[in-house]
>>> print(open('start23.csv').read())   # CSV, C-alpha atoms
chain,number,residue,atom,x,y,z
A,1,MET,CA,-42.0,22.7,35.2
A,2,LYS,CA,-39.9,19.8,36.1
A,3,LYS,CA,-40.6,18.2,32.7
A,4,TYR,CA,-39.1,21.3,31.0
A,5,LEU,CA,-36.0,21.2,33.1
A,6,ILE,CA,-35.5,17.5,32.4
A,7,LYS,CA,-35.8,18.1,28.7
A,8,PHE,CA,-33.4,21.1,28.9
A,9,PHE,CA,-30.8,19.0,30.7
A,10,CYS,CA,-31.2,16.1,28.2
A,11,LEU,CA,-30.8,18.5,25.3
A,12,THR,CA,-27.7,20.1,26.8
A,13,PHE,CA,-26.1,16.7,27.5
A,14,ALA,CA,-26.8,15.6,23.9
A,15,LEU,CA,-25.3,18.7,22.5
A,16,SER,CA,-22.2,18.5,24.6
A,17,LEU,CA,-21.8,14.8,23.6
A,18,ILE,CA,-22.1,15.8,20.0
A,19,PHE,CA,-19.5,18.5,20.3
A,20,THR,CA,-17.1,16.2,22.1
A,21,VAL,CA,-17.4,13.5,19.4
A,22,ALA,CA,-16.9,16.1,16.7
A,23,ASP,CA,-13.8,17.5,18.4
A,24,ALA,CA,-12.4,14.1,18.8
A,25,GLN,CA,-12.8,13.4,15.1
A,26,LYS,CA,-11.1,16.7,14.2
A,27,LYS,CA,-8.1,15.8,16.3
A,28,ARG,CA,-7.9,12.3,14.7
A,29,THR,CA,-8.0,13.9,11.2
A,30,ALA,CA,-5.4,16.5,12.1
A,31,THR,CA,-3.1,13.8,13.5
A,32,LYS,CA,-3.4,11.7,10.3
A,33,ARG,CA,-2.7,14.6,8.1
A,34,SER,CA,0.3,15.6,10.1
A,35,ASN,CA,1.6,12.0,10.0
A,36,THR,CA,1.0,11.9,6.2
A,37,THR,CA,2.8,15.2,5.7
A,38,THR,CA,5.7,14.0,7.8
A,39,LYS,CA,6.0,10.7,5.8
A,40,LYS,CA,6.0,12.5,2.5
A,41,THR,CA,8.7,14.9,3.7
A,42,THR,CA,10.8,12.1,4.9
A,43,LYS,CA,10.5,10.3,1.6
A,44,GLY,CA,11.4,13.4,-0.2
A,45,LYS,CA,14.5,13.9,2.0
A,46,THR,CA,15.5,10.3,1.4
A,47,LYS,CA,15.2,10.6,-2.3
A,48,ALA,CA,17.3,13.8,-2.2
A,49,ASN,CA,20.0,11.9,-0.4
A,50,ILE,CA,20.1,9.2,-3.0
A,51,LYS,CA,20.6,11.6,-5.9
A,52,ALA,CA,23.9,11.6,-7.9
A,53,GLY,CA,24.6,15.2,-6.8
A,54,GLY,CA,24.9,14.0,-3.2
A,55,GLN,CA,27.5,11.3,-4.3
A,56,VAL,CA,29.6,13.8,-6.2
A,57,ASP,CA,29.9,15.8,-2.9
A,58,SER,CA,31.2,12.8,-0.9
A,59,VAL,CA,33.3,11.1,-3.6
A,60,ALA,CA,36.2,12.8,-5.5
A,61,ALA,CA,35.3,13.6,-9.1
A,62,VAL,CA,36.9,11.4,-11.8
A,63,VAL,CA,39.0,13.4,-14.3
A,64,ALA,CA,38.5,12.3,-17.9
A,65,VAL,CA,41.5,11.5,-19.9
A,66,PRO,CA,41.8,13.9,-22.9
A,67,PRO,CA,42.1,12.4,-26.4
A,68,ALA,CA,45.5,12.2,-27.8
A,69,PRO,CA,46.3,15.3,-29.9
A,70,ARG,CA,46.7,15.0,-33.6
A,71,ILE,CA,50.4,15.1,-34.7
A,72,ASP,CA,50.8,17.0,-38.0
A,73,SER,CA,54.5,17.3,-38.1
A,74,LEU,CA,57.5,15.0,-38.0
A,75,PRO,CA,60.6,15.3,-35.8
A,76,ILE,CA,62.7,17.2,-38.3
A,77,THR,CA,65.2,19.8,-37.2
A,78,LYS,CA,64.4,23.2,-38.8
A,79,VAL,CA,67.6,24.4,-40.5
A,80,LYS,CA,68.1,28.0,-41.3
A,81,LYS,CA,69.4,28.8,-44.8
A,82,SER,CA,72.7,30.7,-45.1
A,83,LEU,CA,72.3,34.4,-46.0
A,84,ARG,CA,75.7,34.4,-47.8
A,85,PRO,CA,77.3,31.8,-50.1
A,86,ASP,CA,78.7,29.2,-47.8
A,87,GLU,CA,80.9,27.6,-50.5
A,88,ALA,CA,83.6,29.0,-52.7
A,89,VAL,CA,82.2,27.3,-55.8
A,90,GLU,CA,78.8,27.6,-57.5
A,91,THR,CA,76.5,24.7,-56.5
A,92,LYS,CA,73.1,26.0,-57.5
A,93,ASP,CA,72.9,23.5,-60.4
A,94,ILE,CA,72.7,20.6,-57.9
A,95,ALA,CA,69.2,21.7,-56.9
A,96,ASP,CA,68.1,21.4,-60.5
A,97,ARG,CA,69.5,17.9,-61.1
A,98,THR,CA,67.2,15.2,-62.3
A,99,PRO,CA,67.9,11.4,-62.5
A,100,LEU,CA,68.4,9.7,-65.8
A,101,ALA,CA,65.4,7.7,-67.0
A,102,TYR,CA,65.6,3.9,-66.6
A,103,GLU,CA,66.3,1.7,-69.6
A,104,HIS,CA,63.2,0.0,-70.7
A,105,LEU,CA,63.2,-3.8,-70.0
A,106,ARG,CA,60.8,-6.0,-71.9
A,107,VAL,CA,59.1,-8.8,-70.1
A,108,ASP,CA,60.0,-11.2,-72.9
A,109,ASP,CA,63.7,-10.3,-72.6
A,110,ALA,CA,63.8,-10.8,-68.8
A,111,VAL,CA,64.8,-14.5,-68.8
A,112,TYR,CA,65.9,-14.5,-65.2
A,113,ARG,CA,64.2,-12.6,-62.3
A,114,HIS,CA,64.3,-12.7,-58.5
A,115,LYS,CA,63.3,-10.4,-55.7
A,116,ILE,CA,65.8,-9.7,-53.0
A,117,TRP,CA,65.5,-8.1,-49.6
A,118,ARG,CA,68.6,-6.6,-48.0
A,119,GLU,CA,69.3,-5.0,-44.6
A,120,ILE,CA,71.7,-2.0,-44.5
A,121,ASP,CA,73.4,-1.4,-41.2
A,122,THR,CA,74.7,2.1,-41.2
A,123,ARG,CA,77.2,1.3,-38.4
A,124,GLU,CA,79.4,-0.4,-41.0
A,125,LYS,CA,82.2,1.8,-42.3
A,126,VAL,CA,81.1,1.7,-46.0
A,127,ASN,CA,77.6,2.9,-45.0
A,128,LEU,CA,78.8,5.9,-42.9
A,129,PRO,CA,77.3,8.4,-45.4
A,130,PHE,CA,73.8,7.3,-44.1
A,131,ARG,CA,74.7,8.8,-40.7
A,132,TYR,CA,76.2,12.1,-41.8
A,133,SER,CA,74.4,14.5,-39.5
A,134,ALA,CA,75.6,18.0,-40.7
A,135,ASP,CA,73.1,20.7,-41.6
A,136,GLU,CA,73.1,22.3,-45.1
A,137,ASN,CA,70.8,24.7,-46.9
A,138,ASN,CA,68.5,21.9,-47.9
A,139,GLY,CA,68.2,20.6,-44.4
A,140,ASN,CA,69.8,17.9,-42.2
A,141,GLN,CA,71.9,15.4,-44.2
A,142,ARG,CA,71.0,12.2,-42.3
A,143,PHE,CA,69.4,9.7,-44.6
A,144,ILE,CA,66.4,9.3,-42.3
A,145,SER,CA,66.0,13.1,-42.2
A,146,ILE,CA,65.9,13.2,-46.0
A,147,LEU,CA,63.1,10.7,-46.0
A,148,LEU,CA,61.1,12.5,-43.3
A,149,LYS,CA,61.5,15.9,-45.0
A,150,ALA,CA,60.2,14.4,-48.2
A,151,ILE,CA,57.2,13.0,-46.3
A,152,GLN,CA,56.6,16.3,-44.4
A,153,ASP,CA,56.7,18.3,-47.7
A,154,SER,CA,54.2,15.8,-49.3
A,155,ALA,CA,56.7,15.1,-52.0
A,156,VAL,CA,56.3,11.4,-51.8
A,157,THR,CA,53.7,8.9,-50.7
A,158,VAL,CA,54.5,6.7,-47.7
A,159,PHE,CA,53.1,3.3,-47.2
A,160,ASP,CA,52.1,1.1,-44.2
A,161,PRO,CA,54.5,-1.6,-43.1
A,162,ILE,CA,51.8,-4.2,-42.9
A,163,ASP,CA,53.2,-5.4,-46.2
A,164,ASP,CA,56.0,-4.4,-48.6
A,165,ARG,CA,53.8,-4.2,-51.7
A,166,PHE,CA,52.8,-0.5,-51.2
A,167,THR,CA,49.1,-1.1,-50.7
A,168,THR,CA,48.1,1.2,-47.8
A,169,PRO,CA,49.1,4.9,-47.7
A,170,LEU,CA,49.9,6.6,-44.4
A,171,THR,CA,49.2,10.1,-43.2
A,172,ILE,CA,51.9,12.3,-41.5
A,173,SER,CA,50.2,11.7,-38.1
A,174,GLU,CA,50.3,7.9,-38.6
A,175,VAL,CA,54.0,8.1,-39.6
A,176,ALA,CA,54.7,9.9,-36.4
A,177,LYS,CA,53.0,7.1,-34.4
A,178,HIS,CA,55.0,4.4,-36.3
A,179,LEU,CA,58.2,6.3,-35.4
A,180,GLY,CA,57.3,5.8,-31.8
A,181,GLY,CA,56.8,9.5,-31.2
A,182,GLY,CA,53.2,9.4,-29.8
A,183,GLY,CA,52.9,10.4,-26.1
A,184,ASP,CA,51.7,9.4,-22.7
A,185,SER,CA,48.9,10.6,-20.4
A,186,VAL,CA,50.4,12.1,-17.2
A,187,PRO,CA,48.2,12.9,-14.2
A,188,HIS,CA,48.6,16.3,-12.5
A,189,PHE,CA,48.1,16.6,-8.8
A,190,ASN,CA,46.9,19.7,-6.9
A,191,ASP,CA,47.8,20.9,-3.4
A,192,LYS,CA,45.4,18.4,-1.8
A,193,GLY,CA,47.0,15.4,-3.5
A,194,LEU,CA,44.1,14.9,-5.9
A,195,VAL,CA,44.2,14.6,-9.6
A,196,ASP,CA,42.7,17.7,-11.1
A,197,ARG,CA,43.7,17.2,-14.8
A,198,ILE,CA,45.4,14.9,-17.2
A,199,ASP,CA,48.3,16.3,-19.3
A,200,TRP,CA,49.6,14.9,-22.6
A,201,LYS,CA,53.4,14.5,-22.8
A,202,SER,CA,55.0,13.8,-26.2
A,203,ARG,CA,57.7,11.3,-26.4
A,204,GLU,CA,61.0,12.5,-28.0
A,205,ILE,CA,62.4,10.7,-31.0
A,206,ASN,CA,66.1,10.2,-31.4
A,207,LEU,CA,66.8,9.9,-35.1
A,208,ASP,CA,70.2,8.4,-34.5
A,209,SER,CA,68.5,5.4,-33.0
A,210,ILE,CA,67.3,4.5,-36.5
A,211,TYR,CA,70.4,3.1,-38.0
A,212,LYS,CA,69.1,0.2,-40.1
A,213,PHE,CA,67.2,0.2,-43.4
A,214,GLU,CA,65.6,-2.5,-45.5
A,215,ILE,CA,65.8,-2.4,-49.3
A,216,LYS,CA,63.5,-4.4,-51.6
A,217,GLU,CA,64.9,-4.9,-55.1
A,218,GLU,CA,64.7,-7.1,-58.1
A,219,VAL,CA,67.5,-8.7,-60.1
A,220,ILE,CA,66.8,-9.1,-63.8
A,221,PHE,CA,68.9,-10.6,-66.6
A,222,ASP,CA,68.1,-9.0,-69.9
A,223,LYS,CA,68.9,-11.2,-72.8
A,224,GLU,CA,68.7,-8.4,-75.3
A,225,SER,CA,71.6,-6.4,-73.8
A,226,SER,CA,73.1,-9.5,-72.0
A,227,ARG,CA,73.3,-7.6,-68.8
A,228,LEU,CA,72.3,-8.2,-65.2
A,229,PHE,CA,70.1,-5.3,-63.8
A,230,TRP,CA,69.5,-4.5,-60.2
A,231,ARG,CA,66.4,-2.3,-59.7
A,232,ILE,CA,65.5,-1.1,-56.2
A,233,LEU,CA,61.8,-1.0,-55.5
A,234,GLY,CA,61.4,0.2,-52.0
A,235,ILE,CA,63.2,1.5,-48.9
A,236,ALA,CA,62.1,1.2,-45.3
A,237,PRO,CA,63.7,2.5,-42.0
A,238,VAL,CA,63.9,0.0,-39.2
A,239,ARG,CA,63.7,0.8,-35.5
A,240,ASN,CA,64.2,-1.2,-32.3
A,241,VAL,CA,61.1,-1.9,-30.2
A,242,TYR,CA,61.3,-2.2,-26.4
A,243,SER,CA,58.6,-3.1,-23.9
A,244,THR,CA,57.6,-0.8,-21.0
A,245,THR,CA,60.0,-2.7,-18.8
A,246,GLY,CA,62.9,-2.1,-21.1
A,247,GLU,CA,62.9,-5.6,-22.6
A,248,TYR,CA,64.1,-5.7,-26.3
A,249,LEU,CA,61.3,-7.1,-28.5
A,250,GLY,CA,63.1,-6.9,-31.8
A,251,PRO,CA,63.2,-4.8,-34.9
A,252,ALA,CA,60.2,-3.3,-36.6
A,253,VAL,CA,59.8,-1.6,-40.0
A,254,VAL,CA,58.5,2.0,-39.6
A,255,PHE,CA,57.2,2.6,-43.2
A,256,TRP,CA,57.9,1.9,-46.8
A,257,VAL,CA,58.6,4.5,-49.6
A,258,TYR,CA,58.6,3.6,-53.3
A,259,TYR,CA,62.2,4.2,-54.5
A,260,PRO,CA,61.3,5.4,-58.1
A,261,ASP,CA,59.3,8.1,-56.4
A,262,MET,CA,62.3,9.2,-54.3
A,263,ARG,CA,64.8,9.2,-57.2
A,264,PRO,CA,64.2,12.9,-58.1
A,265,ILE,CA,64.6,13.9,-54.4
A,266,PHE,CA,67.7,11.8,-53.9
A,267,ALA,CA,69.3,13.4,-57.0
A,268,LYS,CA,69.3,16.8,-55.1
A,269,TYR,CA,71.1,15.6,-52.0
A,270,GLN,CA,74.9,14.8,-52.0
A,271,ILE,CA,76.4,12.1,-49.8
A,272,TYR,CA,79.2,12.5,-47.4
A,273,ASN,CA,82.7,11.9,-48.8
A,274,GLY,CA,85.3,12.1,-46.1
A,275,LYS,CA,88.2,11.9,-48.6
A,276,ASN,CA,87.2,14.7,-51.0
A,277,PHE,CA,84.2,17.0,-50.9
A,278,GLY,CA,84.8,17.8,-54.5
A,279,ALA,CA,84.0,14.2,-55.5
A,280,ARG,CA,80.6,14.0,-53.7
A,281,MET,CA,78.0,12.0,-55.6
A,282,SER,CA,74.2,12.2,-55.1
A,283,TRP,CA,72.1,9.7,-53.2
A,284,GLU,CA,70.6,8.6,-56.5
A,285,GLU,CA,74.0,7.8,-57.9
A,286,LEU,CA,75.0,6.0,-54.7
A,287,PHE,CA,72.0,3.6,-55.0
A,288,GLU,CA,72.3,3.1,-58.8
A,289,THR,CA,76.1,2.4,-58.6
A,290,ARG,CA,75.4,0.2,-55.5
A,291,MET,CA,78.0,2.0,-53.3
A,292,PHE,CA,76.6,0.5,-50.1
A,293,SER,CA,76.7,-2.8,-48.2
A,294,GLY,CA,73.7,-4.9,-47.2
A,295,ARG,CA,73.2,-8.4,-46.2
A,296,ILE,CA,70.4,-10.5,-47.8
A,297,ILE,CA,67.6,-11.3,-45.4
A,298,LYS,CA,65.0,-12.7,-47.8
A,299,SER,CA,64.7,-13.8,-51.4
A,300,THR,CA,62.2,-15.6,-53.7
A,301,MET,CA,64.9,-18.1,-54.5
A,302,ASP,CA,63.9,-21.6,-53.3
A,303,ASN,CA,61.5,-20.0,-50.8
A,304,PRO,CA,58.0,-21.4,-51.4
A,305,SER,CA,56.9,-20.4,-47.8
A,306,ASP,CA,57.9,-16.8,-48.3
A,307,ASN,CA,60.0,-16.8,-45.1
A,308,PHE,CA,62.8,-14.5,-44.1
A,309,ILE,CA,66.1,-16.2,-43.7
A,310,SER,CA,65.8,-15.7,-39.9
A,311,GLY,CA,62.6,-17.7,-40.0
A,312,ILE,CA,63.8,-20.7,-41.9
A,313,PRO,CA,63.9,-23.8,-39.6
A,314,GLY,CA,67.5,-24.6,-38.6
A,315,LEU,CA,68.6,-21.0,-39.1
A,316,LYS,CA,66.5,-19.2,-36.5
A,317,GLU,CA,69.0,-19.2,-33.6
A,318,ASN,CA,72.2,-19.1,-35.6
A,319,GLY,CA,73.2,-15.7,-36.9
A,320,VAL,CA,76.3,-17.0,-38.7
A,321,PHE,CA,74.3,-19.5,-40.7
A,322,GLN,CA,71.9,-16.7,-41.7
A,323,LEU,CA,74.8,-14.7,-43.0
A,324,LEU,CA,76.2,-17.7,-44.9
A,325,GLU,CA,72.7,-18.4,-46.4
A,326,GLY,CA,72.6,-14.8,-47.7
A,327,GLU,CA,76.1,-15.2,-49.2
A,328,ARG,CA,75.0,-18.4,-50.9
A,329,ILE,CA,72.1,-16.6,-52.6
A,330,LYS,CA,74.4,-13.8,-53.7
A,331,GLU,CA,76.9,-16.4,-55.1
A,332,LYS,CA,74.1,-18.3,-56.9
A,333,ILE,CA,73.0,-15.1,-58.7
A,334,PHE,CA,76.6,-14.3,-59.6
A,335,ASN,CA,77.2,-17.9,-61.0
A,336,TYR,CA,74.1,-17.7,-63.1
A,337,GLU,CA,75.4,-14.6,-64.9
A,338,GLN,CA,78.9,-16.0,-65.3
A,339,ASP,CA,77.6,-19.4,-66.6
A,340,LEU,CA,75.9,-17.6,-69.5
A,341,TRP,CA,79.3,-16.6,-70.9
A,342,SER,CA,81.7,-18.7,-72.8
A,343,TYR,CA,85.4,-17.9,-72.9
>>> encode(input="start23.csv", output="structure tokens")
Amino acid sequence: MKKYLIKFFCLTFALSLIFTVADAQKKRTATKRSNTTTKKTTKGKTKANIKAGGQVDSVAAVVAVPPAPRIDSLPITKVKKSLRPDEAVETKDIADRTPLAYEHLRVDDAVYRHKIWREIDTREKVNLPFRYSADENNGNQRFISILLKAIQDSAVTVFDPIDDRFTTPLTISEVAKHLGGGGDSVPHFNDKGLVDRIDWKSREINLDSIYKFEIKEEVIFDKESSRLFWRILGIAPVRNVYSTTGEYLGPAVVFWVYYPDMRPIFAKYQIYNGKNFGARMSWEELFETRMFSGRIIKSTMDNPSDNFISGIPGLKENGVFQLLEGERIKEKIFNYEQDLWSY
């Protein structure tokens, strides 16, 4: 009987020992799993904190600058046409005028040729018609307004001022940029003092600030007719360029137009005549009869370096000498023509 009791106690002790070990292993496994789950969750939270979305919440969003809008119009004043005759005489024929064709010049007869560049300053008294700013049925009468209206109406091709040989055409938008009309990006602030958008503000263009023009022409002596011809090739407005601090940087050509293309347009516009409005001539007649004043700023005469007079060594810093050099070129051309005659 004692043997059975001893066996029973031994078996009971063995079973309790087995259950204790098994329970201990279960607890260890549960602890490891819980630790593993906690680590994964912590890693997930850490990754979530590093995401870009979390940065956007803590840092103010950067507002993108919008692209500059395309400018498809030039700064031309819209002029309403008169609904009744504004003149006591009939002037409808002026709109139908066409310029006379040029006389043909043969290359073999052109025994003397030179190219001349002039600068017209409209502040001079003889050039005041260029600044006449009245409005008529055909638009504003400023000379720069006439050029811009022809460009806006696509009646003439305008060329880039990178050279004066009419090589690179410009669009209306590019002409507006060359005029200095572009614009600036202006930040807009909300109630909290943060930038919420970027606005585009266009710069205004004052057409009266363009008061100088360059003219490229060629002087030709034709031996068949024994005459000296002046043929204008191109016209370019000039504007003054300033830095952001207001420092004057110098003049800059805005664009070039081919003068023979502009002749039919110039024939339809009359110039200002302060003495007698009944004796007004067209802009085409003004240029052909050379009723303007301009100083010579460049020529092909004795100029192998193709420099402007202002860039010739010894003349750069002396404006009086530059004027005298232009007068010397003019006198040399005059003397050439006079020396061909015998009296």
>>> closest_residue(input="start23.csv", among="A:Arg227, A:Lys316, A:His188, A:Lys149", to="Val79 in chain A", atoms="all atoms listed in the file")
A:Lys149
>>> residues_near_point(input="start23.csv", point="(69.6, 20.5, -56.9)", cutoff="10 Å", atoms="only C-alpha atoms", output="PyMOL selection string")
chain A and resi 91-98+138+264-270+282
>>> residues_near_point(input="start23.csv", point="(71.8, -16.2, -50.1)", cutoff="12 Å", atoms="all atoms listed in the file", output="MDAnalysis selection string")
chainID A and resid 114:118 294:303 308:310 321:334
>>> closest_residue(input="start23.csv", among="A:Glu285, A:Glu119, A:Asp153, A:Ile198", to="Pro251 in chain A", atoms="only C-alpha atoms")
A:Glu119
>>> closest_residue(input="start23.csv", among="A:Ser305, A:Thr157, A:Ser73, A:Ser145", to="Ile210 in chain A", atoms="all atoms listed in the file")
A:Ser145
>>> atom_distance(input="start23.csv", atom1="CA of Val107 in chain A", atom2="CA of Asp222 in chain A")
9.0 Å
>>> residues_around(input="start23.csv", residues="Ile235 in chain A", least_positions_apart="4", cutoff="8 Å", atoms="all atoms listed in the file", output="ChimeraX atom specification")
/A:213-216,256-259
>>> write_last_selection(input="start23.csv", atoms="C-alpha atoms", output="JSON list (two decimals), in the frame of the given file")
[["chain", "number", "residue", "atom", "x", "y", "z"],
["A", 213, "PHE", "CA", 67.20, 0.20, -43.40],
["A", 214, "GLU", "CA", 65.60, -2.50, -45.50],
["A", 215, "ILE", "CA", 65.80, -2.40, -49.30],
["A", 216, "LYS", "CA", 63.50, -4.40, -51.60],
["A", 256, "TRP", "CA", 57.90, 1.90, -46.80],
["A", 257, "VAL", "CA", 58.60, 4.50, -49.60],
["A", 258, "TYR", "CA", 58.60, 3.60, -53.30],
["A", 259, "TYR", "CA", 62.20, 4.20, -54.50]]
